[in-house]
>>> print(open('input38.tsv').read())   # TSV, C-alpha atoms
chain	number	residue	atom	x	y	z
Q	23	SER	CA	-26.76	12.44	-21.93
Q	24	ALA	CA	-29.37	11.23	-24.42
Q	25	VAL	CA	-33.05	11.14	-23.48
Q	26	ILE	CA	-34.57	7.80	-24.41
Q	27	SER	CA	-38.21	6.79	-24.47
Q	28	GLN	CA	-39.74	3.37	-24.96
Q	29	LYS	CA	-43.22	2.23	-25.86
Q	30	PRO	CA	-45.06	0.39	-24.44
Q	31	SER	CA	-43.88	0.70	-20.87
Q	32	ARG	CA	-45.48	-2.63	-20.05
Q	33	ASP	CA	-47.70	-5.22	-21.66
Q	34	ILE	CA	-49.33	-8.54	-20.94
Q	35	CYS	CA	-49.45	-10.83	-23.93
Q	36	GLN	CA	-50.74	-14.26	-24.84
Q	37	ARG	CA	-48.48	-17.13	-25.75
Q	38	GLY	CA	-47.79	-17.34	-29.49
Q	39	THR	CA	-48.33	-13.67	-30.22
Q	40	SER	CA	-45.73	-11.00	-31.05
Q	41	LEU	CA	-44.97	-7.61	-29.54
Q	42	THR	CA	-43.03	-4.75	-31.07
Q	43	ILE	CA	-41.21	-2.40	-28.71
Q	44	GLN	CA	-40.27	1.06	-29.89
Q	45	CYS	CA	-37.25	3.09	-28.80
Q	46	GLN	CA	-36.93	6.80	-29.56
Q	47	VAL	CA	-33.89	8.96	-28.80
Q	48	ASP	CA	-33.83	12.75	-28.68
Q	49	SER	CA	-30.58	12.98	-30.63
Q	50	GLN	CA	-28.88	11.09	-33.43
Q	51	VAL	CA	-26.84	8.15	-32.21
Q	52	THR	CA	-24.80	5.62	-34.10
Q	53	MET	CA	-25.06	2.67	-31.75
Q	54	MET	CA	-28.30	1.38	-30.27
Q	55	PHE	CA	-28.56	-1.76	-28.21
Q	56	TRP	CA	-31.34	-4.02	-27.01
Q	57	TYR	CA	-31.00	-5.79	-23.67
Q	58	ARG	CA	-33.11	-8.22	-21.73
Q	59	GLN	CA	-33.26	-8.37	-17.95
Q	60	GLN	CA	-35.04	-11.36	-16.54
Q	61	PRO	CA	-36.35	-11.26	-12.98
Q	62	GLY	CA	-33.52	-11.04	-10.48
Q	63	GLN	CA	-30.89	-11.18	-13.20
Q	64	SER	CA	-28.47	-8.75	-14.75
Q	65	LEU	CA	-28.58	-7.37	-18.25
Q	66	THR	CA	-28.11	-9.60	-21.26
Q	67	LEU	CA	-27.33	-8.03	-24.62
Q	68	ILE	CA	-29.68	-9.26	-27.34
Q	69	ALA	CA	-28.33	-7.35	-30.31
Q	70	THR	CA	-26.70	-4.20	-31.57
Q	71	ALA	CA	-28.75	-2.18	-34.02
Q	72	ASN	CA	-26.86	-0.03	-36.52
Q	73	GLN	CA	-28.58	2.25	-38.99
Q	74	GLY	CA	-28.31	1.03	-42.55
Q	75	SER	CA	-27.18	-2.49	-41.78
Q	76	GLU	CA	-28.44	-5.73	-40.30
Q	77	ALA	CA	-28.49	-5.99	-36.54
Q	78	THR	CA	-25.72	-7.98	-34.91
Q	79	TYR	CA	-27.10	-10.67	-32.59
Q	80	GLU	CA	-25.39	-12.14	-29.54
Q	81	SER	CA	-25.02	-15.84	-28.99
Q	82	GLY	CA	-28.36	-17.41	-28.12
Q	83	PHE	CA	-30.46	-14.78	-29.89
Q	84	VAL	CA	-31.68	-15.07	-33.48
Q	85	ILE	CA	-33.28	-12.70	-35.94
Q	86	ASP	CA	-36.38	-14.85	-36.43
Q	87	LYS	CA	-37.21	-14.59	-32.74
Q	88	PHE	CA	-36.09	-10.98	-32.19
Q	89	PRO	CA	-36.28	-9.04	-35.46
Q	90	ILE	CA	-34.92	-5.52	-35.15
Q	91	SER	CA	-35.40	-2.45	-37.30
Q	92	ARG	CA	-33.26	0.68	-37.34
Q	93	PRO	CA	-34.72	2.99	-39.98
Q	94	ASN	CA	-32.84	6.12	-38.84
Q	95	LEU	CA	-30.41	7.46	-36.26
Q	96	THR	CA	-33.05	8.21	-33.62
Q	97	PHE	CA	-35.36	5.20	-33.71
Q	98	SER	CA	-35.34	1.42	-33.40
Q	99	THR	CA	-37.81	-1.37	-32.82
Q	100	LEU	CA	-37.43	-4.82	-31.30
Q	101	THR	CA	-40.06	-7.47	-31.95
Q	102	VAL	CA	-40.45	-10.43	-29.63
Q	103	SER	CA	-41.99	-13.09	-31.86
Q	104	ASN	CA	-44.04	-16.18	-31.07
Q	105	MET	CA	-43.83	-15.41	-27.38
Q	106	SER	CA	-43.70	-17.95	-24.60
Q	107	PRO	CA	-43.75	-17.40	-20.82
Q	108	GLU	CA	-39.94	-17.66	-20.86
Q	109	ASP	CA	-39.87	-14.36	-22.74
Q	110	SER	CA	-41.34	-12.57	-19.73
Q	111	SER	CA	-38.71	-9.99	-18.95
Q	112	ILE	CA	-37.81	-6.34	-19.00
Q	113	TYR	CA	-36.55	-5.23	-22.40
Q	114	LEU	CA	-34.25	-2.23	-22.41
Q	115	CYS	CA	-33.11	-0.01	-25.21
Q	116	SER	CA	-29.71	1.57	-24.78
Q	117	VAL	CA	-27.69	4.07	-26.76
Q	118	GLU	CA	-24.04	4.93	-26.89
Q	119	SER	CA	-23.50	8.62	-26.44
Q	120	SER	CA	-20.25	10.48	-26.84
Q	121	GLY	CA	-19.63	12.55	-23.75
Q	122	GLY	CA	-16.17	13.87	-24.30
Q	123	ALA	CA	-13.17	11.57	-24.43
Q	124	GLU	CA	-15.08	8.32	-24.24
Q	125	ASP	CA	-18.46	6.86	-25.06
Q	126	THR	CA	-20.95	5.84	-22.41
Q	127	GLN	CA	-24.19	3.92	-22.54
Q	128	TYR	CA	-27.53	5.22	-21.38
Q	129	PHE	CA	-30.73	3.27	-20.92
Q	130	GLY	CA	-34.35	3.83	-21.71
Q	131	PRO	CA	-37.02	3.24	-19.05
Q	132	GLY	CA	-37.63	-0.32	-20.20
Q	133	THR	CA	-40.62	-2.36	-21.32
Q	134	ARG	CA	-41.95	-4.87	-18.81
Q	135	LEU	CA	-43.35	-7.83	-20.72
Q	136	THR	CA	-45.44	-10.59	-19.18
Q	137	VAL	CA	-46.39	-13.57	-21.33
Q	138	LEU	CA	-49.25	-15.74	-20.13
M	8	GLN	CA	-14.91	-17.68	-15.39
M	9	LYS	CA	-17.48	-14.93	-15.75
M	10	GLU	CA	-16.34	-11.88	-17.65
M	11	VAL	CA	-17.48	-9.47	-14.95
M	12	GLU	CA	-17.99	-10.66	-11.38
M	13	GLN	CA	-19.69	-8.99	-8.47
M	14	ASN	CA	-20.81	-10.22	-5.09
M	15	SER	CA	-24.60	-10.35	-5.25
M	16	GLY	CA	-24.99	-9.26	-1.64
M	17	PRO	CA	-27.03	-7.94	-0.05
M	18	LEU	CA	-24.47	-5.58	1.42
M	19	SER	CA	-25.92	-3.89	4.48
M	20	VAL	CA	-24.39	-0.73	5.87
M	21	PRO	CA	-25.67	1.72	8.48
M	22	GLU	CA	-26.68	5.20	7.42
M	23	GLY	CA	-23.67	7.52	7.30
M	24	ALA	CA	-21.15	4.72	6.76
M	25	ILE	CA	-19.00	4.05	3.70
M	26	ALA	CA	-20.33	1.40	1.33
M	27	SER	CA	-17.69	-0.43	-0.69
M	28	LEU	CA	-18.75	-2.28	-3.82
M	29	ASN	CA	-16.30	-4.44	-5.73
M	30	CYS	CA	-16.02	-5.82	-9.23
M	31	THR	CA	-13.46	-7.96	-11.04
M	32	TYR	CA	-13.16	-8.56	-14.75
M	33	SER	CA	-11.41	-11.13	-16.89
M	34	ASP	CA	-10.40	-9.32	-20.07
M	35	ARG	CA	-7.08	-7.52	-19.60
M	36	GLY	CA	-7.83	-5.48	-22.72
M	37	SER	CA	-10.82	-3.84	-21.07
M	38	GLN	CA	-10.76	-0.13	-21.57
M	39	SER	CA	-13.71	1.52	-19.88
M	40	PHE	CA	-15.51	0.82	-16.64
M	41	PHE	CA	-18.91	1.96	-15.51
M	42	TRP	CA	-21.08	1.84	-12.43
M	43	TYR	CA	-24.84	1.88	-12.80
M	44	ARG	CA	-27.44	2.17	-10.08
M	45	GLN	CA	-30.72	0.34	-10.55
M	46	TYR	CA	-33.66	0.87	-8.28
M	47	SER	CA	-36.20	-1.92	-8.11
M	48	GLY	CA	-38.49	-1.80	-11.14
M	49	LYS	CA	-36.44	0.90	-12.84
M	50	SER	CA	-33.83	0.93	-15.59
M	51	PRO	CA	-30.10	1.31	-14.87
M	52	GLU	CA	-28.80	4.82	-14.30
M	53	LEU	CA	-25.18	5.68	-15.00
M	54	ILE	CA	-23.51	7.15	-11.93
M	55	MET	CA	-19.77	6.86	-12.57
M	56	PHE	CA	-17.29	5.94	-15.25
M	57	ILE	CA	-13.53	5.55	-15.07
M	58	TYR	CA	-10.89	4.85	-17.69
M	59	SER	CA	-7.53	5.37	-15.98
M	60	ASN	CA	-5.89	3.68	-13.04
M	61	GLY	CA	-6.49	5.41	-9.74
M	62	ASP	CA	-9.41	7.15	-8.14
M	63	LYS	CA	-12.14	9.31	-9.58
M	64	GLU	CA	-14.40	11.25	-7.25
M	65	ASP	CA	-17.83	12.70	-7.92
M	66	GLY	CA	-19.67	13.98	-4.88
M	67	ARG	CA	-20.16	11.12	-2.43
M	68	PHE	CA	-19.04	8.57	-5.00
M	69	THR	CA	-15.47	7.43	-5.68
M	70	ALA	CA	-14.58	4.92	-8.35
M	71	GLN	CA	-11.26	3.11	-8.04
M	72	LEU	CA	-9.57	1.25	-10.87
M	73	ASN	CA	-6.60	-1.11	-10.72
M	74	LYS	CA	-5.98	-2.57	-14.17
M	75	ALA	CA	-3.05	-4.71	-13.00
M	76	SER	CA	-5.35	-6.50	-10.57
M	77	GLN	CA	-8.34	-6.27	-12.95
M	78	TYR	CA	-10.38	-4.73	-10.20
M	79	VAL	CA	-12.74	-1.80	-10.04
M	80	SER	CA	-14.62	-0.57	-7.01
M	81	LEU	CA	-17.20	2.01	-6.02
M	82	LEU	CA	-17.16	3.75	-2.66
M	83	ILE	CA	-20.21	5.58	-1.42
M	84	ARG	CA	-19.48	7.94	1.47
M	85	ASP	CA	-22.10	9.04	3.98
M	86	SER	CA	-24.48	6.36	2.74
M	87	GLN	CA	-28.15	7.30	2.73
M	88	PRO	CA	-31.25	5.09	2.68
M	89	SER	CA	-31.91	6.49	-0.81
M	90	ASP	CA	-28.70	4.79	-1.94
M	91	SER	CA	-30.37	1.41	-1.39
M	92	ALA	CA	-30.39	-0.16	-4.84
M	93	THR	CA	-28.60	-2.70	-6.98
M	94	TYR	CA	-25.27	-1.47	-8.33
M	95	LEU	CA	-24.15	-2.88	-11.66
M	96	CYS	CA	-20.54	-2.92	-12.76
M	97	ALA	CA	-20.07	-2.73	-16.52
M	98	VAL	CA	-16.89	-3.18	-18.52
M	99	TYR	CA	-16.19	-2.25	-22.11
M	100	SER	CA	-13.88	-4.79	-23.68
M	101	GLY	CA	-12.04	-3.91	-26.83
M	102	GLY	CA	-11.59	-7.61	-27.53
M	103	TYR	CA	-15.31	-8.33	-27.45
M	104	GLN	CA	-16.21	-4.82	-28.61
M	105	LYS	CA	-19.14	-4.64	-26.25
M	106	VAL	CA	-20.14	-3.69	-22.74
M	107	THR	CA	-20.58	-6.60	-20.35
M	108	PHE	CA	-22.53	-6.22	-17.15
M	109	GLY	CA	-21.97	-7.93	-13.85
M	110	THR	CA	-24.87	-9.47	-11.99
M	111	GLY	CA	-25.02	-6.54	-9.59
M	112	THR	CA	-24.62	-6.02	-5.85
M	113	LYS	CA	-27.68	-5.20	-3.82
M	114	LEU	CA	-26.95	-2.46	-1.29
M	115	GLN	CA	-29.13	-1.86	1.74
M	116	VAL	CA	-28.53	1.26	3.81
M	117	ILE	CA	-30.07	0.83	7.23
M	118	PRO	CA	-31.45	4.03	8.83
>>> encode(input="input38.tsv", output="structure tokens")
Amino acid sequence: SAVISQKPSRDICQRGTSLTIQCQVDSQVTMMFWYRQQPGQSLTLIATANQGSEATYESGFVIDKFPISRPNLTFSTLTVSNMSPEDSSIYLCSVESSGGAEDTQYFGPGTRLTVL
Amino acid sequence: QKEVEQNSGPLSVPEGAIASLNCTYSDRGSQSFFWYRQYSGKSPELIMFIYSNGDKEDGRFTAQLNKASQYVSLLIRDSQPSDSATYLCAVYSGGYQKVTFGTGTKLQVIP
């Protein structure tokens, strides 16, 4: 399985500011995903980040609010822009790793964001 | 109808018992099925995956898949207090071309 790291692990931010979350993988992967997990909720996919192309956003998420970069096959960033308290959540990076016959998804440790 | 449904629990079982966690899904074209364990404050950890009808065993864990009934389950034998966590069912749908997660079942193993 891939080893995934995220920075920062947690942050407390002021309303109206932006935070960029970094995701680093120890091997080259084609598919990287960004999820949000709000308190007591399950995972919600924000977008799929593919190297060399624009990220694909899920319904309810837009590029202006959550710009994503994917400069190479081991790294991606997610920016949470113009934050409000409703953006307080855990943000998770995930990668799709080929483990034989089928692909599986593995998760980074997450970034716990609190917006005041 | 939600794409992936799980009972939120909590499901309480005594130590040493079998815990049975269930999941149903709506897309008949779903191809791959995953169980993740998530401890409080931690990220999800993949514990099992299954692609074919039937049972798949790995240690104390058994995943069961019935595509005709659109049902996947996870059995945990000899449950331990360390198994107490939220278990997320995830389904890869070829139609949607993405993995969809259920809301998770909270399992409590009582010593």
>>> residues_around(input="input38.tsv", residues="Leu28 (chain M)", least_positions_apart="4", cutoff="7 Å", atoms="all atoms listed in the file", output="list in words")
Ser80, Leu81 and Leu82 of chain M
>>> interface_residues(input="input38.tsv", of="chain Q", to="chain M", cutoff="9 Å", atoms="only C-alpha atoms", output="compact mmCIF listing (two decimals) with C-alpha atoms, keeping the file's coordinate frame")
# COMPACT_ATOMS: atom_id res chain seq x y z
CA GLY Q 62 -33.52 -11.04 -10.48
CA GLN Q 63 -30.89 -11.18 -13.20
CA SER Q 64 -28.47 -8.75 -14.75
CA LEU Q 65 -28.58 -7.37 -18.25
CA THR Q 66 -28.11 -9.60 -21.26
CA LEU Q 67 -27.33 -8.03 -24.62
CA ILE Q 112 -37.81 -6.34 -19.00
CA LEU Q 114 -34.25 -2.23 -22.41
CA GLU Q 124 -15.08 8.32 -24.24
CA ASP Q 125 -18.46 6.86 -25.06
CA THR Q 126 -20.95 5.84 -22.41
CA GLN Q 127 -24.19 3.92 -22.54
CA TYR Q 128 -27.53 5.22 -21.38
CA PHE Q 129 -30.73 3.27 -20.92
CA GLY Q 130 -34.35 3.83 -21.71
CA PRO Q 131 -37.02 3.24 -19.05
CA GLY Q 132 -37.63 -0.32 -20.20
CA ARG Q 134 -41.95 -4.87 -18.81
>>> atom_distance(input="input38.tsv", atom1="CA of Pro107 (chain Q)", atom2="CA of Asn72 (chain Q)")
28.9 Å
>>> residues_around(input="input38.tsv", residues="region 94-105 of chain Q", least_positions_apart="4", cutoff="7 Å", atoms="only C-alpha atoms", output="list in words")
Arg37, Gly38, Thr39, Ser40, Leu41, Thr42, Ile43, Gln44, Cys45, Gln46, Val47, Asp48, Ser49, Gln50, Val51, Thr52, Gln73, Lys87, Phe88, Pro89, Ile90, Asp109 and Val137 of chain Q
>>> residues_around(input="input38.tsv", residues="Ser91 (chain M)", least_positions_apart="4", cutoff="7 Å", atoms="all atoms listed in the file", output="list in words")
Leu114, Gln115 and Val116 of chain M
>>> closest_residue(input="input38.tsv", among="Q:Ala77, Q:Leu138, Q:Ile68, Q:Ile34", to="Met53 (chain Q)", atoms="all atoms listed in the file")
Q:Ala77
>>> atom_distance(input="input38.tsv", atom1="CA of Gln36 (chain Q)", atom2="CA of Gln59 (chain Q)")
19.7 Å
>>> closest_residue(input="input38.tsv", among="M:Tyr94, M:Glu10, M:Gln77, M:Trp42", to="Lys63 (chain M)", atoms="all atoms listed in the file")
M:Trp42
>>> atom_distance(input="input38.tsv", atom1="CA of Thr78 (chain Q)", atom2="CA of Cys35 (chain Q)")
26.3 Å
>>> residues_near_point(input="input38.tsv", point="(-10.9, -0.9, -9.5)", cutoff="8 Å", atoms="all atoms listed in the file", output="list in words")
Asn29, Cys30, Thr31, Asn60, Gly61, Ala70, Gln71, Leu72, Asn73, Lys74, Ser76, Gln77, Tyr78, Val79, Ser80 and Leu81 of chain M
>>> decode(input="input38.tsv", residues="region 52-79 of chain M", atoms="N, CA and C atoms", output="PDB file, in the first residue's frame")
ATOM      1  N   GLU M  52      -8.880   3.234   7.590  1.00  0.00           N
ATOM      2  CA  GLU M  52      -7.865   2.227   7.320  1.00  0.00           C
ATOM      3  C   GLU M  52      -8.529   1.067   6.605  1.00  0.00           C
ATOM      4  N   LEU M  53      -8.034   0.711   5.443  1.00  0.00           N
ATOM      5  CA  LEU M  53      -8.604  -0.398   4.682  1.00  0.00           C
ATOM      6  C   LEU M  53      -8.337  -1.717   5.395  1.00  0.00           C
ATOM      7  N   ILE M  54      -9.397  -2.495   5.633  1.00  0.00           N
ATOM      8  CA  ILE M  54      -9.204  -3.788   6.278  1.00  0.00           C
ATOM      9  C   ILE M  54      -9.612  -4.949   5.381  1.00  0.00           C
ATOM     10  N   MET M  55     -10.539  -4.758   4.473  1.00  0.00           N
ATOM     11  CA  MET M  55     -10.964  -5.858   3.610  1.00  0.00           C
ATOM     12  C   MET M  55     -11.465  -5.300   2.290  1.00  0.00           C
ATOM     13  N   PHE M  56     -11.304  -6.080   1.231  1.00  0.00           N
ATOM     14  CA  PHE M  56     -11.963  -5.776  -0.022  1.00  0.00           C
ATOM     15  C   PHE M  56     -12.444  -7.072  -0.639  1.00  0.00           C
ATOM     16  N   ILE M  57     -13.505  -6.995  -1.417  1.00  0.00           N
ATOM     17  CA  ILE M  57     -14.086  -8.173  -2.030  1.00  0.00           C
ATOM     18  C   ILE M  57     -14.678  -7.774  -3.362  1.00  0.00           C
ATOM     19  N   TYR M  58     -14.519  -8.650  -4.361  1.00  0.00           N
ATOM     20  CA  TYR M  58     -15.004  -8.347  -5.697  1.00  0.00           C
ATOM     21  C   TYR M  58     -15.980  -9.391  -6.219  1.00  0.00           C
ATOM     22  N   SER M  59     -15.890 -10.616  -5.691  1.00  0.00           N
ATOM     23  CA  SER M  59     -16.711 -11.710  -6.205  1.00  0.00           C
ATOM     24  C   SER M  59     -17.729 -12.154  -5.175  1.00  0.00           C
ATOM     25  N   ASN M  60     -18.836 -12.675  -5.657  1.00  0.00           N
ATOM     26  CA  ASN M  60     -19.844 -13.220  -4.756  1.00  0.00           C
ATOM     27  C   ASN M  60     -19.247 -14.292  -3.852  1.00  0.00           C
ATOM     28  N   GLY M  61     -19.727 -14.317  -2.615  1.00  0.00           N
ATOM     29  CA  GLY M  61     -19.264 -15.328  -1.686  1.00  0.00           C
ATOM     30  C   GLY M  61     -18.556 -14.709  -0.504  1.00  0.00           C
ATOM     31  N   ASP M  62     -17.726 -15.497   0.118  1.00  0.00           N
ATOM     32  CA  ASP M  62     -17.019 -15.086   1.319  1.00  0.00           C
ATOM     33  C   ASP M  62     -15.535 -14.917   1.044  1.00  0.00           C
ATOM     34  N   LYS M  63     -14.946 -13.993   1.756  1.00  0.00           N
ATOM     35  CA  LYS M  63     -13.497 -13.810   1.732  1.00  0.00           C
ATOM     36  C   LYS M  63     -13.035 -13.630   3.167  1.00  0.00           C
ATOM     37  N   GLU M  64     -12.094 -14.468   3.562  1.00  0.00           N
ATOM     38  CA  GLU M  64     -11.649 -14.465   4.955  1.00  0.00           C
ATOM     39  C   GLU M  64     -10.224 -13.949   5.058  1.00  0.00           C
ATOM     40  N   ASP M  65      -9.988 -13.171   6.109  1.00  0.00           N
ATOM     41  CA  ASP M  65      -8.639 -12.671   6.391  1.00  0.00           C
ATOM     42  C   ASP M  65      -8.521 -12.547   7.904  1.00  0.00           C
ATOM     43  N   GLY M  66      -7.898 -13.563   8.498  1.00  0.00           N
ATOM     44  CA  GLY M  66      -7.762 -13.563   9.954  1.00  0.00           C
ATOM     45  C   GLY M  66      -9.128 -13.651  10.619  1.00  0.00           C
ATOM     46  N   ARG M  67      -9.413 -12.709  11.508  1.00  0.00           N
ATOM     47  CA  ARG M  67     -10.705 -12.718  12.210  1.00  0.00           C
ATOM     48  C   ARG M  67     -11.820 -12.066  11.386  1.00  0.00           C
ATOM     49  N   PHE M  68     -11.473 -11.540  10.242  1.00  0.00           N
ATOM     50  CA  PHE M  68     -12.450 -10.831   9.418  1.00  0.00           C
ATOM     51  C   PHE M  68     -12.923 -11.688   8.244  1.00  0.00           C
ATOM     52  N   THR M  69     -14.224 -11.648   7.987  1.00  0.00           N
ATOM     53  CA  THR M  69     -14.807 -12.286   6.809  1.00  0.00           C
ATOM     54  C   THR M  69     -15.733 -11.289   6.134  1.00  0.00           C
ATOM     55  N   ALA M  70     -15.471 -11.038   4.866  1.00  0.00           N
ATOM     56  CA  ALA M  70     -16.377 -10.211   4.071  1.00  0.00           C
ATOM     57  C   ALA M  70     -17.269 -11.131   3.252  1.00  0.00           C
ATOM     58  N   GLN M  71     -18.541 -10.772   3.161  1.00  0.00           N
ATOM     59  CA  GLN M  71     -19.502 -11.562   2.404  1.00  0.00           C
ATOM     60  C   GLN M  71     -20.170 -10.652   1.385  1.00  0.00           C
ATOM     61  N   LEU M  72     -20.270 -11.132   0.157  1.00  0.00           N
ATOM     62  CA  LEU M  72     -20.866 -10.334  -0.910  1.00  0.00           C
ATOM     63  C   LEU M  72     -21.968 -11.118  -1.602  1.00  0.00           C
ATOM     64  N   ASN M  73     -23.104 -10.479  -1.777  1.00  0.00           N
ATOM     65  CA  ASN M  73     -24.222 -11.057  -2.514  1.00  0.00           C
ATOM     66  C   ASN M  73     -24.697  -9.996  -3.500  1.00  0.00           C
ATOM     67  N   LYS M  74     -24.229 -10.091  -4.721  1.00  0.00           N
ATOM     68  CA  LYS M  74     -24.545  -9.054  -5.714  1.00  0.00           C
ATOM     69  C   LYS M  74     -26.030  -9.090  -6.115  1.00  0.00           C
ATOM     70  N   ALA M  75     -26.632 -10.268  -6.096  1.00  0.00           N
ATOM     71  CA  ALA M  75     -28.052 -10.347  -6.457  1.00  0.00           C
ATOM     72  C   ALA M  75     -28.905  -9.556  -5.469  1.00  0.00           C
ATOM     73  N   SER M  76     -28.533  -9.614  -4.212  1.00  0.00           N
ATOM     74  CA  SER M  76     -29.268  -8.888  -3.179  1.00  0.00           C
ATOM     75  C   SER M  76     -28.680  -7.510  -2.911  1.00  0.00           C
ATOM     76  N   GLN M  77     -27.577  -7.191  -3.579  1.00  0.00           N
ATOM     77  CA  GLN M  77     -26.892  -5.897  -3.414  1.00  0.00           C
ATOM     78  C   GLN M  77     -26.566  -5.655  -1.949  1.00  0.00           C
ATOM     79  N   TYR M  78     -25.854  -6.613  -1.421  1.00  0.00           N
ATOM     80  CA  TYR M  78     -25.612  -6.672   0.021  1.00  0.00           C
ATOM     81  C   TYR M  78     -24.187  -7.124   0.265  1.00  0.00           C
ATOM     82  N   VAL M  79     -23.518  -6.418   1.158  1.00  0.00           N
ATOM     83  CA  VAL M  79     -22.171  -6.825   1.548  1.00  0.00           C
ATOM     84  C   VAL M  79     -22.080  -6.708   3.068  1.00  0.00           C
TER      85      VAL M  79
END
